Amino acid sequence: MDFLQKMFEKILWNSRLFVLLAVILSMIGAILLFVVASIDIFKAIGNTYGYYRGFLKKESDIHNVLLHTIVTAIDLYLIAVVLLIFSFGLYELFIRKITIKDDTSSKVLEIHTLDQLKDKLAKVIVMALIVAFFSKVLSMGINNAQDMIFFAGSILAICVGLYFLHKH
């Protein structure tokens with residue numbers, strides 16, 4: 001019976017290694033998002049250059065296009081950071097502590113409990129949602145006073161939410 005118990009515990013303990021799949025795929029996803037967002041920024045640079053050199057249509061508003069592209073890239077960068085934090089957190093919680101980092105390393109990726117991981121993820125996700133909201137607001141037209149009231153109310157709600165998110 002003791003042999004079966006030890007065998008079961010060994011299998012159970014080693015099953016935590018399945019977390020490596022989530023760690024590796026999250027890192028790959030983060031890298032892909034960083035690459036795509038960076039390509040978007042390079043495209044924005046090319047569009048800006050083309051616009052001012054006269055290669056693009058003058059009726060297109062480069063300011064809106066540029067702002068929308070950069071805000072979208074920032075959103076992708078933030079989601080990539082979420083995936084990185086998720087990867088580091090899962091690895092340190094389930095596999096082992098990363099020994100290569102030193103005392104001068106950033107504390108952003110230092111995670112000791114599942115609650116810390118959830119808190120860090122939640123904060124970055126909220127920031128990504130705020131950036132996504134900002135992106136939607138850029139393309140939204142304000143047609144009447146009610147639209148302006150809803151717009152102001154949503155900004156107030158975001159500010160109140162951020163206040164409570166950062167209050168300890």
# chains A, B, ... in the order shown; residues from 1 in each chain; ligands from 1
>>> closest_atom_pairs(of="segment 48-150 of chain A", to="segment 21-41 of chain A", cutoff="6 Å", atoms="only C-alpha atoms", output="Markdown table")
| residue | atom | partner | partner_atom | distance |
| --- | --- | --- | --- | --- |
| A:Ala73 | CA | A:Ala37 | CA | 4.6 |
| A:Leu76 | CA | A:Ala37 | CA | 5.9 |
| A:Tyr77 | CA | A:Phe34 | CA | 5.9 |
| A:Ala80 | CA | A:Ala30 | CA | 4.2 |
| A:Leu83 | CA | A:Ser26 | CA | 5.4 |
| A:Leu84 | CA | A:Met27 | CA | 6.0 |
| A:Ser87 | CA | A:Val23 | CA | 4.5 |
>>> write_last_selection(atoms="N, CA and C atoms", output="PDB file, in the first residue's frame")
ATOM      1  N   ALA A  73      -1.667  49.376 -31.185  1.00  0.00           N
ATOM      2  CA  ALA A  73      -0.380  48.738 -30.881  1.00  0.00           C
ATOM      3  C   ALA A  73      -0.134  48.713 -29.373  1.00  0.00           C
ATOM      4  N   LEU A  76      -2.065  45.927 -27.919  1.00  0.00           N
ATOM      5  CA  LEU A  76      -1.410  44.638 -28.164  1.00  0.00           C
ATOM      6  C   LEU A  76      -0.206  44.444 -27.251  1.00  0.00           C
ATOM      7  N   TYR A  77       0.570  45.508 -27.048  1.00  0.00           N
ATOM      8  CA  TYR A  77       1.706  45.417 -26.126  1.00  0.00           C
ATOM      9  C   TYR A  77       1.243  45.069 -24.706  1.00  0.00           C
ATOM     10  N   ALA A  80       0.316  41.509 -24.511  1.00  0.00           N
ATOM     11  CA  ALA A  80       1.544  40.709 -24.512  1.00  0.00           C
ATOM     12  C   ALA A  80       2.178  40.691 -23.124  1.00  0.00           C
ATOM     13  N   LEU A  83       0.382  38.249 -20.972  1.00  0.00           N
ATOM     14  CA  LEU A  83       0.819  36.876 -21.241  1.00  0.00           C
ATOM     15  C   LEU A  83       2.189  36.591 -20.631  1.00  0.00           C
ATOM     16  N   LEU A  84       3.090  37.577 -20.664  1.00  0.00           N
ATOM     17  CA  LEU A  84       4.406  37.383 -20.043  1.00  0.00           C
ATOM     18  C   LEU A  84       4.293  37.215 -18.532  1.00  0.00           C
ATOM     19  N   SER A  87       2.964  33.837 -17.833  1.00  0.00           N
ATOM     20  CA  SER A  87       3.974  32.794 -18.025  1.00  0.00           C
ATOM     21  C   SER A  87       4.942  32.722 -16.849  1.00  0.00           C
TER      22      SER A  87
END
>>> residues_around(residues="segment 126-142 of chain A", least_positions_apart="4", cutoff="12 Å", atoms="only C-alpha atoms", output="PyMOL selection string")
chain A and resi 63-82+118-122+146-152+154-155+157-159+161-162+165-166
>>> closest_atom_pairs(of="segment 59-107 of chain A", to="segment 113-117 of chain A", cutoff="8 Å", atoms="only C-alpha atoms", output="Markdown table")
| residue | atom | partner | partner_atom | distance |
| --- | --- | --- | --- | --- |
| A:Ile85 | CA | A:Leu117 | CA | 7.7 |
| A:Phe86 | CA | A:Leu117 | CA | 7.2 |
| A:Gly89 | CA | A:Leu117 | CA | 6.0 |
| A:Leu93 | CA | A:Thr113 | CA | 6.8 |
>>> atom_distance(atom1="atom CA of His112 of chain A", atom2="atom CA of Leu17 of chain A")
17.9 Å
>>> select_by_dssp(residues="segment 71-125 of chain A", states="helix (DSSP H, G or I)", output="PDB file with C-alpha atoms, in the first residue's frame")
ATOM      1  CA  VAL A  71      -3.415  53.011 -29.621  1.00  0.00           C
ATOM      2  CA  THR A  72      -4.095  49.580 -31.117  1.00  0.00           C
ATOM      3  CA  ALA A  73      -0.380  48.738 -30.881  1.00  0.00           C
ATOM      4  CA  ILE A  74      -0.298  49.836 -27.235  1.00  0.00           C
ATOM      5  CA  ASP A  75      -3.260  47.558 -26.567  1.00  0.00           C
ATOM      6  CA  LEU A  76      -1.410  44.638 -28.164  1.00  0.00           C
ATOM      7  CA  TYR A  77       1.706  45.417 -26.126  1.00  0.00           C
ATOM      8  CA  LEU A  78      -0.338  45.420 -22.912  1.00  0.00           C
ATOM      9  CA  ILE A  79      -1.933  42.079 -23.748  1.00  0.00           C
ATOM     10  CA  ALA A  80       1.544  40.709 -24.512  1.00  0.00           C
ATOM     11  CA  VAL A  81       2.676  41.893 -21.081  1.00  0.00           C
ATOM     12  CA  VAL A  82      -0.305  40.073 -19.539  1.00  0.00           C
ATOM     13  CA  LEU A  83       0.819  36.876 -21.241  1.00  0.00           C
ATOM     14  CA  LEU A  84       4.406  37.383 -20.043  1.00  0.00           C
ATOM     15  CA  ILE A  85       3.328  37.968 -16.457  1.00  0.00           C
ATOM     16  CA  PHE A  86       1.071  34.926 -16.714  1.00  0.00           C
ATOM     17  CA  SER A  87       3.974  32.794 -18.025  1.00  0.00           C
ATOM     18  CA  PHE A  88       6.418  33.916 -15.352  1.00  0.00           C
ATOM     19  CA  GLY A  89       3.818  33.545 -12.616  1.00  0.00           C
ATOM     20  CA  LEU A  90       2.762  30.041 -13.607  1.00  0.00           C
ATOM     21  CA  TYR A  91       6.358  28.928 -13.920  1.00  0.00           C
ATOM     22  CA  GLU A  92       7.355  30.288 -10.526  1.00  0.00           C
ATOM     23  CA  LEU A  93       4.219  29.030  -8.789  1.00  0.00           C
ATOM     24  CA  PHE A  94       4.112  25.515 -10.208  1.00  0.00           C
ATOM     25  CA  ILE A  95       7.556  24.583 -11.500  1.00  0.00           C
ATOM     26  CA  LEU A 114      -1.703  32.856  -6.908  1.00  0.00           C
ATOM     27  CA  ASP A 115      -3.399  35.966  -5.492  1.00  0.00           C
ATOM     28  CA  GLN A 116      -0.400  38.106  -6.458  1.00  0.00           C
ATOM     29  CA  LEU A 117      -0.562  36.687  -9.977  1.00  0.00           C
ATOM     30  CA  LYS A 118      -4.280  37.436 -10.216  1.00  0.00           C
ATOM     31  CA  ASP A 119      -3.794  40.989  -8.914  1.00  0.00           C
ATOM     32  CA  LYS A 120      -1.002  41.770 -11.371  1.00  0.00           C
ATOM     33  CA  LEU A 121      -2.949  40.281 -14.263  1.00  0.00           C
ATOM     34  CA  ALA A 122      -6.102  42.154 -13.296  1.00  0.00           C
ATOM     35  CA  LYS A 123      -4.307  45.507 -13.216  1.00  0.00           C
ATOM     36  CA  VAL A 124      -2.732  45.038 -16.626  1.00  0.00           C
ATOM     37  CA  ILE A 125      -5.980  43.702 -18.107  1.00  0.00           C
TER      38      ILE A 125
END
>>> closest_residue(among="A:Ile62, A:Leu156, A:Leu20, A:Leu4", to="Gly50 of chain A", atoms="only C-alpha atoms")
A:Ile62
>>> atom_distance(atom1="atom CA of Lys57 of chain A", atom2="atom CA of Ala44 of chain A")
14.9 Å
>>> atom_distance(atom1="atom CA of Lys97 of chain A", atom2="atom CA of Gln5 of chain A")
27.2 Å
